[in-house]
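*Asks:* Structure incoming, see below.
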Amino acid sequence: MIKIFCDKKEKDLVNFWNHMVFHPTNSIEDPWGQQHLDKLAEDKAVQIVRIYSMFEESVTLGENGELQYDFTMNDLRIDELLKRGFTPYIGYAFFPGFLSAEQDESIISHRYKNNLLYRSYMTDYSKWEEMCRVYTQHIVDRYGLDTVSKWYLHCYNEPDLKHFFYWNAPSYRERAAEYCKMYEAFVNGLNAVSEKLMIGGVALSEGTTHFEFLEYFLNFVKEKNLKLDFLSYHSYGTGPKGMIEGTKPLNVKGAINNTMMVKRIAKLCGFGDVPTVCDEWGACTEGYLGTDTCSGFIFRENEIYAAYFAKMLTLYDEMGLYDPQLICMSGSHGLKVDFGGHRNFFTKNFYPKPIFNAYVLAAKLGSEKLYHYAELDCEDVSIMPTKHADGHMSILLCYADDAFTRYLKPLSVDVTFAGITGKYTVTGWRIDADHANAIRKFKELGQPAEPTEEQKAAIREFGALKPEDLGTVDPENPVFELKMENNATLLLEIEAI
């Protein structure tokens, strides 16, 4: 039995979960990027969207060594986010080639649309400071200080990884020292525009020395008394190596260690009161890799990832971990097949995945958490009961093993709504193997590589969320029976008649 106390608020809730990294940034202007953003906005699945400033394409060097700027594409991208109601979260990255200490082609990464990522350190941080200042002044002039001061503005991305910064640093200390120069110049540039801006770093990865890197960075910030409004980090439950070798299998608790360690180091260094932001999370790293690399990545395509997200959300709430969580969708472009195990909300043919549907359901949760308790014969049910300002209630439930390895038999449970004063309808939304799960229909149709329009429509329709009328409750009959299948994610909406 699950008992929800509909008239007893446990605490206020701020949505920390409906946020994302939209990647690549320069796909915002593409038809497929527009299609993604339209659907995310239509279904209210996302609030904060993280992008890059992309200085590598907007800043050039003039004949006399002066910096020249063209923010046309940056403005277009931010405009596209704002007109759909998203809040931008901007990573000041990456730097143009003329600032790179090394020009060797072998250490340059070719990104989407052949944008170049220089993996060295910078030769002139004064120029970096200038471009940060000019860019910030530009967006403040264009969008207004009141608006931009609500955005997260952070310095660079995963500078602790050689893939992104100072690839041949002798040690983490040398790499951290160079990043600290970058961060100080970044702070100076933004402060020159306004001290009301919300700025931070370090967008830390999960590399082998990232905790030591973080300690070095925080000690530097403290010594220099630099502005740090938030501390950003990345958190992934596992990686392909751990999944393949079985040393770190998929588990909803996998990312908590990294989160808690970041907070512990922040407190150790005197930054325990500084807000932390997980501006990149995922159940597993390497969004560009698919099932051809790791067969276990099939979880990204089916009901398991939806259940993972729902269980993580409720677990973080129980632990009081309210950092904004931005899921990374870095596997969204260049898709060659549908359901290839990449990290994205939609497939090649734009079929919605269960993880997207889970975000749509989670967006329906209210601003107050209600008291509840459960008397069950298993520990595999997660519950998040909430209430909205208008009085209707939304309750997120998940029925899954934390490691998603055990098959759970179908479960029937009585749900009691205590404290209701009138008659209410109960509507259910369900994600499981047989509901809102496009890959199921895709397999039934023989996994067509070139589906007909009729097949596409059938897969898309099967993958869509559909409401179920689950009856009514009232003070005389406040109980109804709920049935859940293995790896199920459900949302109940209770509305007064």
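Numbering starts fresh at 1 for the residues of each chain in the structure tokens, the chains themselves are lettered A, B, ... in the order given, and ligands are numbered from 1 as they appear.
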Just want the 6 Å neighbourhood of range 45-50 of chain A, counted on only C-alpha atoms, with same-chain residues fewer than 6 positions away dropped. Output as a list in words.
*Replies:*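 Surrounding residues, per the criterion: Asn18, His19, Met20, Val21, Phe22, Phe86, Thr87, Pro88, Tyr89, Ile90, Tyr359, Val360 and Ala363 of chain A.
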*Asks:* Could you name the residues that touch range 477-481 of chain A at 9 Å or less, counting only C-alpha atoms, but leaving out those on the same chain fewer than 6 positions away, as a list in words?
*Replies:*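 The residues that qualify are Lys3, Ser412, Val413, Asp414, Val415, Thr416, Phe417, Ala418, Gly419, Ile420, Leu470 and Gly471 of chain A.
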*Asks:* Produce a file of the selected residues containing N, CA, C and O atoms, as a short mmCIF file (atom, residue, chain, number, x, y, z; two decimals), in the first residue's frame.
*Replies:*
```
data_model
loop_
_atom_site.label_atom_id
_atom_site.label_comp_id
_atom_site.auth_asym_id
_atom_site.auth_seq_id
_atom_site.Cartn_x
_atom_site.Cartn_y
_atom_site.Cartn_z
N LYS A 3 0.46 5.38 0.62
CA LYS A 3 -0.46 6.39 1.14
C LYS A 3 0.10 7.78 0.88
O LYS A 3 1.22 8.10 1.29
N SER A 412 0.90 -5.21 -8.21
CA SER A 412 -0.35 -4.51 -7.98
C SER A 412 -0.28 -3.90 -6.59
O SER A 412 0.04 -4.58 -5.62
N VAL A 413 -0.59 -2.62 -6.49
CA VAL A 413 -0.49 -1.94 -5.21
C VAL A 413 -1.67 -0.98 -5.05
O VAL A 413 -2.11 -0.34 -6.01
N ASP A 414 -2.20 -0.93 -3.83
CA ASP A 414 -3.27 0.01 -3.53
C ASP A 414 -2.67 1.38 -3.21
O ASP A 414 -1.74 1.49 -2.41
N VAL A 415 -3.20 2.41 -3.83
CA VAL A 415 -2.78 3.78 -3.57
C VAL A 415 -3.91 4.51 -2.87
O VAL A 415 -5.03 4.57 -3.38
N THR A 416 -3.62 5.04 -1.70
CA THR A 416 -4.62 5.76 -0.89
C THR A 416 -4.34 7.25 -0.91
O THR A 416 -3.20 7.68 -0.65
N PHE A 417 -5.36 8.04 -1.22
CA PHE A 417 -5.24 9.49 -1.23
C PHE A 417 -5.92 10.03 0.02
O PHE A 417 -7.14 10.22 0.06
N ALA A 418 -5.13 10.26 1.07
CA ALA A 418 -5.66 10.77 2.32
C ALA A 418 -5.78 12.29 2.27
O ALA A 418 -4.94 12.97 1.67
N GLY A 419 -6.82 12.81 2.89
CA GLY A 419 -6.97 14.25 2.99
C GLY A 419 -7.67 14.92 1.83
O GLY A 419 -7.72 16.15 1.76
N ILE A 420 -8.21 14.16 0.89
CA ILE A 420 -8.95 14.78 -0.21
C ILE A 420 -10.33 15.18 0.29
O ILE A 420 -10.92 14.52 1.16
N LEU A 470 -7.92 6.13 -15.13
CA LEU A 470 -7.80 5.13 -14.07
C LEU A 470 -8.93 5.23 -13.05
O LEU A 470 -8.87 4.59 -11.99
N GLY A 471 -9.95 6.01 -13.36
CA GLY A 471 -11.11 6.07 -12.47
C GLY A 471 -11.14 7.32 -11.63
O GLY A 471 -10.54 8.35 -11.97
#
```
*Asks:* Quick one: DSSP alpha helix (DSSP H) residues in range 165-390 of chain A, as a VMD selection string?
*Replies:* chain A and resid 172 to 191 210 to 224 240 to 245 256 to 268 303 to 319 354 to 362
*Asks:* So that I can see what lies close to range 245-253 of chain A, please list as a PyMOL selection string the residues with an atom at most 6 Å from it, counting only C-alpha atoms and leaving out residues fewer than 5 positions away in the same chain.
*Replies:* chain A and resi 308+312+402-403
*Asks:* Can you work out the spacing between CA of Lys267 in chain A and CA of Tyr322 in chain A in Å, to one decimal?
*Replies:* 16.4 Å
*Asks:* With distances taken over only C-alpha atoms, which of A:Glu461, A:Asp7, A:Glu495, A:Glu56 is nearest to Met131 in chain A?
*Replies:* A:Glu56
*Asks:* Using only C-alpha atoms, which residue out of A:Glu195, A:Glu280, A:Asp434, A:Glu379 lies closest to Thr136 in chain A?
*Replies:*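 Selected residue with least distance to Thr136 in chain A: A:Glu195.
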*Asks:* Would you kindly return, as an mmCIF file with N, CA and C atoms, in the first residue's frame, each protein, DNA or RNA residue with an atom no farther than 9 Å from any atom of Met73 in chain A, considering only C-alpha atoms and excluding same-chain residues fewer than 2 positions away?
*Replies:*
```
data_model
loop_
_atom_site.group_PDB
_atom_site.id
_atom_site.type_symbol
_atom_site.label_atom_id
_atom_site.label_comp_id
_atom_site.auth_asym_id
_atom_site.auth_seq_id
_atom_site.Cartn_x
_atom_site.Cartn_y
_atom_site.Cartn_z
ATOM 1 N N ASN A 26 26.139 24.477 -32.721
ATOM 2 C CA ASN A 26 25.888 24.994 -34.069
ATOM 3 C C ASN A 26 24.961 24.107 -34.892
ATOM 4 N N GLU A 29 20.753 25.996 -35.635
ATOM 5 C CA GLU A 29 20.228 26.590 -36.859
ATOM 6 C C GLU A 29 19.882 25.559 -37.934
ATOM 7 N N GLU A 57 34.593 30.495 -33.883
ATOM 8 C CA GLU A 57 34.008 30.905 -35.159
ATOM 9 C C GLU A 57 33.606 32.377 -35.185
ATOM 10 N N SER A 58 33.601 33.039 -34.031
ATOM 11 C CA SER A 58 33.102 34.420 -33.998
ATOM 12 C C SER A 58 34.187 35.469 -33.768
ATOM 13 N N ASP A 70 32.205 38.791 -34.884
ATOM 14 C CA ASP A 70 30.970 38.618 -35.636
ATOM 15 C C ASP A 70 30.093 37.645 -34.845
ATOM 16 N N PHE A 71 29.133 38.186 -34.103
ATOM 17 C CA PHE A 71 28.283 37.367 -33.235
ATOM 18 C C PHE A 71 26.946 37.019 -33.885
ATOM 19 N N ASP A 75 23.951 35.161 -31.891
ATOM 20 C CA ASP A 75 22.681 35.834 -31.627
ATOM 21 C C ASP A 75 21.514 35.000 -32.126
ATOM 22 N N LEU A 76 21.676 34.426 -33.300
ATOM 23 C CA LEU A 76 20.612 33.593 -33.859
ATOM 24 C C LEU A 76 20.301 32.427 -32.921
ATOM 25 N N ARG A 77 21.350 31.787 -32.399
ATOM 26 C CA ARG A 77 21.151 30.612 -31.549
ATOM 27 C C ARG A 77 20.470 30.975 -30.238
ATOM 28 N N ILE A 78 20.936 32.056 -29.615
ATOM 29 C CA ILE A 78 20.306 32.474 -28.370
ATOM 30 C C ILE A 78 18.860 32.911 -28.623
#
```
*Asks:* Could you list, as a ChimeraX atom specification, every residue within 7 Å of Pro324 in chain A, counting only C-alpha atoms and ignoring same-chain residues fewer than 5 positions away?
*Replies:* /A:16-17,277-278
